[in-house]
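Have a look at query09.tsv; it's TSV, C-alpha atoms:
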chain	number	residue	atom	x	y	z
M	73	MET	CA	-29.06	-5.71	-24.03
M	74	ARG	CA	-27.19	-5.05	-20.81
M	75	ARG	CA	-23.87	-6.70	-20.22
M	76	ASP	CA	-21.44	-7.14	-17.37
M	77	ILE	CA	-18.97	-4.26	-17.37
M	78	PHE	CA	-16.15	-6.75	-16.91
M	79	GLN	CA	-16.93	-8.32	-20.26
M	80	ALA	CA	-15.82	-5.06	-21.76
M	81	ILE	CA	-12.31	-5.28	-20.41
M	82	ALA	CA	-11.93	-9.04	-20.87
M	83	ASP	CA	-10.78	-8.55	-24.47
M	84	PRO	CA	-7.39	-7.05	-25.40
M	85	THR	CA	-8.70	-5.16	-28.44
M	86	ARG	CA	-11.44	-3.58	-26.35
M	87	ARG	CA	-8.92	-2.56	-23.71
M	88	ALA	CA	-6.85	-0.93	-26.45
M	89	ILE	CA	-9.93	0.89	-27.77
M	90	ILE	CA	-10.67	2.14	-24.26
M	91	THR	CA	-7.13	3.48	-23.95
M	92	LEU	CA	-7.40	5.22	-27.31
M	93	ILE	CA	-10.70	6.95	-26.75
M	94	ALA	CA	-9.81	7.86	-23.18
M	95	LEU	CA	-7.69	10.60	-24.72
M	96	GLN	CA	-10.14	11.92	-27.29
M	97	ALA	CA	-13.43	11.07	-28.96
M	98	MET	CA	-12.86	9.15	-32.19
M	99	THR	CA	-14.80	7.85	-35.16
M	100	PRO	CA	-14.89	4.09	-35.83
M	101	ASN	CA	-12.70	4.59	-38.91
M	102	ALA	CA	-10.08	6.49	-36.95
M	103	ILE	CA	-10.11	3.78	-34.29
M	104	ALA	CA	-9.78	1.02	-36.91
M	105	GLU	CA	-6.71	2.74	-38.38
M	106	ASN	CA	-4.89	2.09	-35.12
M	107	PHE	CA	-5.45	-1.65	-35.31
M	108	ASN	CA	-4.84	-4.57	-37.50
M	109	ALA	CA	-8.59	-4.99	-37.54
M	110	THR	CA	-11.41	-4.55	-39.98
M	111	ARG	CA	-13.94	-1.80	-39.61
M	112	GLN	CA	-16.55	-4.54	-38.94
M	113	SER	CA	-14.61	-6.01	-36.06
M	114	VAL	CA	-14.03	-2.58	-34.52
M	115	SER	CA	-17.77	-1.91	-34.85
M	116	LYS	CA	-18.51	-5.14	-33.05
M	117	HIS	CA	-16.22	-4.19	-30.16
M	118	LEU	CA	-17.73	-0.71	-30.02
M	119	ARG	CA	-21.19	-2.23	-29.88
M	120	ILE	CA	-20.20	-4.39	-26.90
M	121	LEU	CA	-18.59	-1.41	-25.17
M	122	THR	CA	-21.74	0.61	-25.77
M	123	GLU	CA	-23.89	-2.17	-24.35
M	124	CYS	CA	-21.67	-2.20	-21.28
M	125	GLU	CA	-22.26	1.56	-21.09
M	126	LEU	CA	-18.52	2.13	-21.10
M	127	VAL	CA	-18.56	4.32	-24.20
M	128	LYS	CA	-20.98	6.93	-25.45
M	129	GLN	CA	-21.73	8.00	-29.00
M	130	GLU	CA	-22.10	11.51	-30.28
M	131	GLN	CA	-23.26	12.52	-33.72
M	132	GLN	CA	-21.23	15.33	-35.28
M	133	GLY	CA	-22.34	16.04	-38.81
M	134	ARG	CA	-22.15	12.77	-40.71
M	135	GLU	CA	-19.74	11.15	-38.31
M	136	ILE	CA	-20.34	9.31	-35.05
M	137	TYR	CA	-17.73	9.91	-32.38
M	138	TYR	CA	-17.10	7.47	-29.57
M	139	SER	CA	-15.79	8.56	-26.20
M	140	LEU	CA	-15.22	6.98	-22.81
M	141	GLU	CA	-17.70	7.05	-19.96
M	142	ILE	CA	-15.20	7.89	-17.24
M	143	GLU	CA	-17.78	7.39	-14.49
M	144	LYS	CA	-18.31	3.81	-15.59
M	145	MET	CA	-14.57	3.14	-15.66
M	146	LYS	CA	-14.41	4.30	-12.08
M	147	GLU	CA	-16.74	1.44	-11.15
M	148	ILE	CA	-14.12	-1.08	-12.20
M	149	ASP	CA	-11.32	0.79	-10.55
M	150	LYS	CA	-13.22	1.24	-7.32
M	151	TRP	CA	-14.11	-2.42	-7.20
M	152	LEU	CA	-10.50	-3.51	-7.71
M	153	THR	CA	-9.22	-0.94	-5.24
M	154	GLN	CA	-11.53	-2.21	-2.54
M	155	PHE	CA	-10.52	-5.77	-3.13
M	156	ARG	CA	-6.85	-4.90	-3.13
M	157	LYS	CA	-7.35	-2.88	0.04
M	158	ILE	CA	-8.67	-5.93	1.89
M	159	TRP	CA	-5.49	-7.82	1.12
M	160	GLU	CA	-3.25	-4.88	1.99
M	161	THR	CA	-4.87	-4.56	5.39
M	162	ARG	CA	-4.76	-8.29	5.96
M	163	PHE	CA	-1.05	-8.50	5.08
M	164	ASN	CA	-0.11	-5.48	7.18
M	165	GLN	CA	-1.79	-7.23	10.10
M	166	LEU	CA	0.21	-10.36	9.37
M	167	ASP	CA	3.43	-8.30	9.33
M	168	LYS	CA	2.66	-7.18	12.86
M	169	VAL	CA	1.77	-10.68	14.04
M	170	LEU	CA	5.01	-12.06	12.57
M	171	SER	CA	7.16	-9.40	14.16
M	172	THR	CA	5.47	-9.97	17.54
M	173	ILE	CA	6.09	-13.72	17.36
M	174	LYS	CA	9.69	-13.18	16.30
M	175	LYS	CA	10.29	-10.97	19.34
M	176	GLN	CA	8.70	-13.53	21.65
M	177	ASN	CA	10.93	-16.28	20.29
M	178	LYS	CA	14.10	-14.34	20.97
N	135	MET	CA	3.83	-0.10	8.87
N	136	THR	CA	6.14	0.95	6.10
N	137	ASN	CA	8.23	-1.58	4.30
N	138	ASP	CA	9.74	-2.36	0.94
N	139	LEU	CA	8.23	-5.80	0.76
N	140	LEU	CA	6.87	-6.94	-2.56
N	141	PHE	CA	3.12	-6.73	-3.01
N	142	ASP	CA	1.58	-7.64	-6.30
N	143	PHE	CA	-2.14	-7.84	-6.91
N	144	THR	CA	-3.84	-8.56	-10.21
N	145	VAL	CA	-7.34	-9.61	-11.16
N	146	ASP	CA	-7.87	-11.38	-14.43
N	147	LYS	CA	-11.59	-11.12	-15.05
N	148	ALA	CA	-11.35	-13.17	-18.23
N	149	THR	CA	-10.20	-16.25	-16.34
N	150	LYS	CA	-11.98	-15.23	-13.11
N	151	THR	CA	-8.69	-15.49	-11.27
N	152	VAL	CA	-7.03	-13.27	-8.69
N	153	PHE	CA	-3.25	-13.40	-8.28
N	154	ILE	CA	-1.67	-12.06	-5.11
N	155	THR	CA	2.01	-12.15	-4.24
N	156	ARG	CA	3.44	-10.80	-1.02
N	157	GLU	CA	6.79	-11.01	0.76
N	158	PHE	CA	7.12	-11.21	4.52
N	159	ALA	CA	10.12	-10.34	6.64
N	160	ALA	CA	10.19	-13.68	8.41
N	161	GLU	CA	11.48	-17.18	7.85
N	162	LEU	CA	9.33	-19.67	6.02
N	163	PRO	CA	8.38	-21.96	8.93
N	164	LEU	CA	6.92	-19.02	10.83
N	165	VAL	CA	4.98	-17.71	7.83
N	166	TRP	CA	3.72	-21.22	7.13
N	167	ASP	CA	2.47	-21.46	10.72
N	168	ALA	CA	0.77	-18.09	10.40
N	169	TYR	CA	-1.27	-19.46	7.50
N	170	THR	CA	-1.97	-22.90	8.89
N	171	LYS	CA	-2.47	-22.52	12.66
N	172	PRO	CA	-5.86	-21.19	13.75
N	173	GLU	CA	-4.56	-19.28	16.76
N	174	ILE	CA	-2.25	-17.23	14.51
N	175	LEU	CA	-4.65	-17.05	11.54
N	176	ASP	CA	-7.34	-15.47	13.68
N	177	GLN	CA	-4.95	-12.65	14.58
N	178	TRP	CA	-4.65	-11.36	11.03
N	179	TRP	CA	-7.04	-13.02	8.56
N	180	ALA	CA	-9.92	-10.59	9.01
N	181	PRO	CA	-9.17	-7.06	7.79
N	182	GLU	CA	-9.90	-4.54	10.52
N	183	PRO	CA	-12.41	-3.74	11.88
N	184	TRP	CA	-13.60	-7.30	11.25
N	185	ALA	CA	-12.43	-10.17	13.43
N	186	SER	CA	-11.72	-13.75	12.43
N	187	LYS	CA	-13.16	-16.55	14.57
N	188	THR	CA	-12.17	-20.12	13.76
N	189	LYS	CA	-14.63	-22.64	15.13
N	190	VAL	CA	-13.10	-25.82	13.69
N	191	MET	CA	-9.79	-26.39	11.98
N	192	ASN	CA	-8.15	-29.69	10.99
N	193	PHE	CA	-5.23	-28.82	8.79
N	194	GLU	CA	-4.96	-32.07	6.84
N	195	VAL	CA	-6.06	-33.24	3.40
N	196	GLY	CA	-9.82	-33.81	3.65
N	197	GLY	CA	-9.93	-31.62	6.75
N	198	ARG	CA	-11.48	-28.16	6.96
N	199	ARG	CA	-11.48	-24.76	8.58
N	200	PHE	CA	-14.93	-23.52	9.57
N	201	TYR	CA	-14.69	-19.89	10.54
N	202	ALA	CA	-16.53	-16.59	10.68
N	203	MET	CA	-15.69	-13.02	9.85
N	204	VAL	CA	-17.29	-11.03	12.64
N	205	SER	CA	-18.29	-7.42	12.02
N	206	PRO	CA	-17.89	-4.75	14.70
N	207	GLU	CA	-21.66	-5.04	15.26
N	208	GLY	CA	-21.27	-8.76	15.90
N	209	GLN	CA	-22.64	-9.94	12.58
N	210	GLU	CA	-21.09	-13.26	11.55
N	211	ARG	CA	-20.28	-14.34	8.00
N	212	TRP	CA	-19.32	-17.99	7.92
N	213	SER	CA	-17.05	-19.74	5.46
N	214	VAL	CA	-15.65	-23.23	5.05
N	215	GLN	CA	-12.23	-24.05	3.60
N	216	LYS	CA	-11.79	-27.69	2.65
N	217	TYR	CA	-8.15	-28.71	2.30
N	218	THR	CA	-7.61	-30.59	-0.94
N	219	SER	CA	-3.81	-30.79	-1.00
N	220	ILE	CA	-0.96	-30.09	1.42
N	221	SER	CA	2.80	-30.18	0.73
N	222	PRO	CA	4.27	-29.11	4.07
N	223	LYS	CA	6.05	-25.73	4.00
N	224	THR	CA	5.67	-25.49	0.23
N	225	ASN	CA	2.07	-25.39	-0.89
N	226	PHE	CA	-1.51	-26.04	0.12
N	227	LYS	CA	-4.83	-25.84	-1.65
N	228	PHE	CA	-8.37	-25.52	-0.44
N	229	TYR	CA	-11.89	-25.10	-1.71
N	230	ASN	CA	-13.53	-22.10	-0.09
N	231	ALA	CA	-17.28	-21.55	0.17
N	232	PHE	CA	-19.53	-19.20	2.08
N	233	ALA	CA	-21.79	-20.96	4.56
N	234	ASP	CA	-24.40	-20.37	7.23
N	235	ALA	CA	-23.85	-20.89	10.95
N	236	ALA	CA	-24.92	-24.53	10.54
N	237	GLU	CA	-22.19	-25.08	7.94
N	238	ASN	CA	-24.54	-25.39	4.98
N	239	LEU	CA	-22.47	-24.35	1.98
N	240	GLU	CA	-23.43	-21.67	-0.53
N	241	LEU	CA	-22.09	-22.89	-3.84
N	242	PRO	CA	-20.28	-22.16	-6.05
N	243	GLY	CA	-17.13	-21.41	-4.13
N	244	SER	CA	-13.55	-20.65	-5.09
N	245	GLU	CA	-10.36	-22.65	-5.43
N	246	TRP	CA	-7.33	-21.34	-3.55
N	247	ASP	CA	-3.72	-22.26	-4.17
N	248	LEU	CA	-1.02	-20.94	-1.84
N	249	SER	CA	2.71	-21.36	-2.46
N	250	PHE	CA	5.55	-20.51	-0.09
N	251	SER	CA	9.23	-19.92	-0.82
N	252	GLU	CA	12.08	-18.37	1.13
N	253	GLN	CA	14.94	-16.23	-0.11
N	254	GLU	CA	17.48	-14.36	2.01
N	255	GLY	CA	15.34	-14.55	5.11
N	256	LYS	CA	12.24	-13.27	3.36
N	257	THR	CA	9.28	-15.48	2.61
N	258	LYS	CA	7.26	-15.04	-0.54
N	259	VAL	CA	3.66	-16.20	-0.58
N	260	THR	CA	1.74	-16.50	-3.82
N	261	VAL	CA	-2.02	-16.82	-3.61
N	262	THR	CA	-4.14	-17.78	-6.60
N	263	ILE	CA	-7.91	-17.64	-6.26
N	264	TYR	CA	-10.09	-19.06	-8.98
N	265	ASN	CA	-13.78	-18.21	-8.77
N	266	GLU	CA	-16.42	-20.17	-10.57
N	267	SER	CA	-18.63	-17.11	-10.78
N	268	LEU	CA	-17.93	-13.41	-11.07
N	269	ALA	CA	-20.81	-12.63	-8.76
N	270	ARG	CA	-19.01	-14.55	-6.07
N	271	LEU	CA	-15.83	-12.57	-6.59
N	272	GLU	CA	-17.88	-9.47	-6.01
N	273	LYS	CA	-19.37	-10.92	-2.85
N	274	MET	CA	-15.86	-11.37	-1.50
N	275	ILE	CA	-15.51	-7.62	-1.23
N	276	GLU	CA	-18.93	-7.04	0.32
N	277	MET	CA	-17.23	-6.35	3.60
N	278	GLY	CA	-17.94	-2.72	4.09
N	279	PHE	CA	-14.90	-1.18	2.49
N	280	LYS	CA	-16.57	1.93	1.25
N	281	GLU	CA	-14.05	4.63	0.91
N	282	GLY	CA	-13.94	7.48	-1.44
N	283	PHE	CA	-11.66	7.17	-4.37
N	284	THR	CA	-10.58	9.93	-6.63
N	285	MET	CA	-9.50	8.71	-9.97
N	286	THR	CA	-7.01	10.51	-12.12
N	287	MET	CA	-6.17	9.70	-15.69
N	288	LYS	CA	-2.92	8.33	-14.37
N	289	SER	CA	-4.52	5.69	-12.22
N	290	LEU	CA	-6.75	4.76	-15.11
N	291	GLU	CA	-3.72	4.23	-17.30
N	292	LYS	CA	-2.10	2.17	-14.58
N	293	LEU	CA	-5.21	0.08	-14.21
N	294	LEU	CA	-5.43	-0.54	-17.92
N	295	ALA	CA	-1.76	-1.45	-18.06
N	296	THR	CA	-2.25	-3.98	-15.28
N	297	LEU	CA	-5.27	-5.45	-16.97
N	298	SER	CA	-3.65	-5.65	-20.37
N	299	GLN	CA	-0.66	-7.58	-19.06
N	300	LYS	CA	-3.00	-10.55	-18.77

Let me see whether you can do it: turn the structure in this file into structure tokens.
Amino acid sequence: MRRDIFQAIADPTRRAIITLIALQAMTPNAIAENFNATRQSVSKHLRILTECELVKQEQQGREIYYSLEIEKMKEIDKWLTQFRKIWETRFNQLDKVLSTIKKQNK
Amino acid sequence: MTNDLLFDFTVDKATKTVFITREFAAELPLVWDAYTKPEILDQWWAPEPWASKTKVMNFEVGGRRFYAMVSPEGQERWSVQKYTSISPKTNFKFYNAFADAAENLELPGSEWDLSFSEQEGKTKVTVTIYNESLARLEKMIEMGFKEGFTMTMKSLEKLLATLSQK
């Protein structure tokens, strides 16, 4: 099942998981130790993150390690940056318009 | 233009809402006019290199602004803003929807709420945009702003911090 990437970051626990595994790959148990959450609930969040393709799994011996798909995170960041940029440009233009009108009124 | 004016921008995907706050170095009546008079709006509303072209604007409750964003190649993207509430020099609200040149609306649209306040000669404007659909939010940025972006771990942390404040 494919999900919207923004679903992944809509939940505070998932955002915390993303922050954790951004630093190093971790097993579900290690992740669960950082939260007031059951192993089952962490697994559920990891499943959603995997479906959003925001995390990848890697088998090492008996353990599965989860790590962040940095490329996918960039998608979110890029999207927000573009949107923010539109408003920055727009407001800088308004600054100029306001200062022109103020000069004319003097 | 460099300035120390406040600019705050957050997107809360969970509630499909964008919050934008910006200060302007001008008195409130002037800033209010800049947002509510078509001849001033058209000078700044479209981010360069786009141009804003207002065809119709009746700034009154029940009235509307029918305008286009015009690309450098002359391509027009029409929108309609229907004013749902106006408290002069304090707040106004409108329902915004994309449209075609014949003013047929593409629903769903978004609900905009703009508040104005003045302090020590600076005017603060707070814009809240609620989108009924995420796809529409994405369409709002389909305006050709393709610039490279190098992400560092730092900006990722900053992004996550912004998102987790919500």

Q) Quick one: distance from CA of Leu139 (chain N) to CA of Glu254 (chain N) in Å, one decimal? A) 12.7 Å

Q: Please provide as a list in words all residues within 7 Å of Thr224 (chain N), with the sequence filter that same-chain residues fewer than 6 positions apart are discarded (counting all atoms listed in the file).
A: Ser249, Phe250 and Ser251 of chain N

Keeping C-alpha atoms, export the residues of the selection given above as a PDB file, in the frame of the given file.
ATOM      1  CA  SER N 249       2.710 -21.360  -2.460  1.00  0.00           C
ATOM      2  CA  PHE N 250       5.550 -20.510  -0.090  1.00  0.00           C
ATOM      3  CA  SER N 251       9.230 -19.920  -0.820  1.00  0.00           C
TER       4      SER N 251
END

Q: Kindly indicate which residue among N:Gly196, N:Glu245, N:Ser213, N:Val259 lies nearest to chain M, using only C-alpha atoms for the distances.
A: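 Of N:Gly196, N:Glu245, N:Ser213, N:Val259, the one nearest chain M, counting only C-alpha atoms, is N:Val259.
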
Compile a residue-level contact table for chain M against chain N at a cut-off of 12 Å, reporting for every qualifying residue the shortest atom pair and its distance in Å to one decimal, with all atoms listed in the file counted, rows ordered by chain and ascending number, as CSV.
residue,atom,partner,partner_atom,distance
M:Asp76,CA,N:Leu268,CA,9.6
M:Ile77,CA,N:Lys147,CA,10.3
M:Phe78,CA,N:Lys147,CA,6.6
M:Gln79,CA,N:Ala148,CA,7.7
M:Ala80,CA,N:Ala148,CA,9.9
M:Ile81,CA,N:Leu297,CA,7.8
M:Ala82,CA,N:Ala148,CA,4.9
M:Asp83,CA,N:Ala148,CA,7.8
M:Pro84,CA,N:Ser298,CA,6.4
M:Thr85,CA,N:Ser298,CA,9.5
M:Arg86,CA,N:Ser298,CA,10.0
M:Arg87,CA,N:Ser298,CA,7.0
M:Ala88,CA,N:Ser298,CA,8.3
M:Ile89,CA,N:Leu294,CA,10.9
M:Ile90,CA,N:Leu294,CA,8.7
M:Thr91,CA,N:Leu294,CA,7.4
M:Leu92,CA,N:Glu291,CA,10.7
M:Ala94,CA,N:Met287,CA,8.5
M:Leu95,CA,N:Met287,CA,9.2
M:Leu140,CA,N:Leu290,CA,11.7
M:Ile142,CA,N:Leu290,CA,9.3
M:Glu143,CA,N:Met285,CA,9.5
M:Lys144,CA,N:Met285,CA,11.5
M:Met145,CA,N:Leu290,CA,8.0
M:Lys146,CA,N:Met285,CA,6.9
M:Glu147,CA,N:Phe283,CA,10.2
M:Ile148,CA,N:Leu293,CA,9.2
M:Asp149,CA,N:Leu293,CA,7.2
M:Lys150,CA,N:Phe283,CA,6.8
M:Trp151,CA,N:Ile275,CA,8.0
M:Leu152,CA,N:Val145,CA,7.7
M:Thr153,CA,N:Phe283,CA,8.5
M:Gln154,CA,N:Phe279,CA,6.1
M:Phe155,CA,N:Ile275,CA,5.7
M:Arg156,CA,N:Phe143,CA,6.7
M:Lys157,CA,N:Phe279,CA,8.1
M:Ile158,CA,N:Pro181,CA,6.0
M:Trp159,CA,N:Pro181,CA,7.7
M:Glu160,CA,N:Phe141,CA,8.3
M:Thr161,CA,N:Pro181,CA,5.5
M:Arg162,CA,N:Pro181,CA,4.9
M:Phe163,CA,N:Trp178,CA,7.5
M:Asn164,CA,N:Met135,CA,6.9
M:Gln165,CA,N:Trp178,CA,5.1
M:Leu166,CA,N:Trp178,CA,5.2
M:Asp167,CA,N:Phe158,CA,6.7
M:Lys168,CA,N:Met135,CA,8.2
M:Val169,CA,N:Gln177,CA,7.0
M:Leu170,CA,N:Ala160,CA,6.8
M:Ser171,CA,N:Ala160,CA,7.8
M:Thr172,CA,N:Ala160,CA,10.9
M:Ile173,CA,N:Leu164,CA,8.5
M:Lys174,CA,N:Ala160,CA,7.9
M:Lys175,CA,N:Ala160,CA,11.3
M:Asn177,CA,N:Leu164,CA,10.6

(Q) Between CA of Val190 (chain N) and CA of Leu239 (chain N), what distance in Å does the model show, to one decimal? (A)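 Straight-line distance from CA of Val190 (chain N) to CA of Leu239 (chain N) works out to 15.1 Å.
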
**Q.** Separation of CA of Leu162 (chain N) from CA of Asn230 (chain N) in Å
**A.**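 Separation of CA of Asn230 (chain N) and CA of Leu162 (chain N): 23.8 Å.
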